[in-house]
Number of protein chains: 2
Amino acid sequence: MTPLATTPRPPYFAVVFTSVRTEDDGEDYEVTAGRMLELASAQPGYLGVESVRGADGVGITVSYWDSLDAIRRWRQHLEHLGAQEQGRAKWYSAYRLRVCRVEYDSTFSHAD
Amino acid sequence: MTPLATTPRPPYFAVVFTSVRTEDDGEDYEVTAGRMLELASAQPGYLGVESVRGADGVGITVSYWDSLDAIRRWRQHLEHLGAQEQGRAKWYSAYRLRVCRVEYDSTFSHAD
């Protein structure tokens, strides 16, 4: 996974998922989180993802999609629903999920 | 700063800033980044911020605003323009900036 997602010209859609991890050891968390990234990337309408977790247990994952319908389908995917359930039960002490329409964007790279 | 921002009922607006740091030692970066968070929080229309940087130098900062105009004013703030210039010159090897309208959101907390 490259750290910055390459996305098309706006408009497109973003899911901003901000979370605080519990003290749980996280072995099954890592496996499930990796599986969810893999599964998301295989869904229709998926455009890319950017994800960071800090040493303090706070994480932000932004996934990009071509429509609100694609986001709705992904949120209702059966295996994803199971992971969401485990997230609330074990892995997250709190989270926010925000579904957004990207209005405009800009990029910078030293290679430009 | 609390890790998760408390935001009003949608719609509101988000700036998703995803970046990769250079190898620069980052002392002046830390000072300027802290100053920008402080300055942003004093701008009209500011709602909150969430920010994480990982050990690999990849960071995501999401700031929340009540209007696109508030975002435009903040992006053109003189001291912020100076910081942006230094960011491109010294601190970031690449970044993406995406301005979004938050359509809907949800929250979870074990305290709920």
# chains A, B, ... in the order shown; residues from 1 in each chain; ligands from 1
$ interface_residues --of "chain B" --to "chain A" --cutoff "9 Å" --atoms "only C-alpha atoms" --output "PyMOL selection string"
chain B and resi 3-6+13-14+16+18-20+50-55+58-62+88-89+92-111
$ residues_around --residues "Gly45 (chain B)" --least-positions-apart "5" --cutoff "7 Å" --atoms "only C-alpha atoms" --output "list in words"
Trp65, Asp66, Ser67 and Ala70 of chain B
$ write_last_selection --atoms "N, CA and C atoms" --output "compact mmCIF listing (two decimals), in the first residue's frame"
# COMPACT_ATOMS: atom_id res chain seq x y z
N TRP B 65 -14.84 22.45 9.72
CA TRP B 65 -15.19 23.85 9.54
C TRP B 65 -16.68 23.98 9.25
N ASP B 66 -17.24 25.16 9.53
CA ASP B 66 -18.68 25.30 9.32
C ASP B 66 -19.06 25.72 7.90
N SER B 67 -18.05 26.08 7.07
CA SER B 67 -18.37 26.50 5.70
C SER B 67 -17.13 26.41 4.82
N ALA B 70 -15.02 29.55 5.35
CA ALA B 70 -14.10 29.50 6.50
C ALA B 70 -12.81 28.78 6.11
$ select_by_dssp --residues "region 3-55 of chain B" --states "strand (DSSP E)" --output "list in words"
Tyr12, Phe13, Ala14, Val15, Val16, Phe17, Thr18, Ser19, Val20, Arg21, Tyr46, Leu47, Gly48, Val49, Glu50, Ser51, Val52 and Arg53 of chain B
$ select_by_dssp --residues "chain B" --states "alpha helix (DSSP H)" --output "ChimeraX atom specification"
/B:27-41,68-75,78-86
$ closest_residue --among "A:Asp28, A:Tyr46, A:Gln86, A:Leu39" --to "Ser63 (chain A)" --atoms "only C-alpha atoms"
A:Tyr46
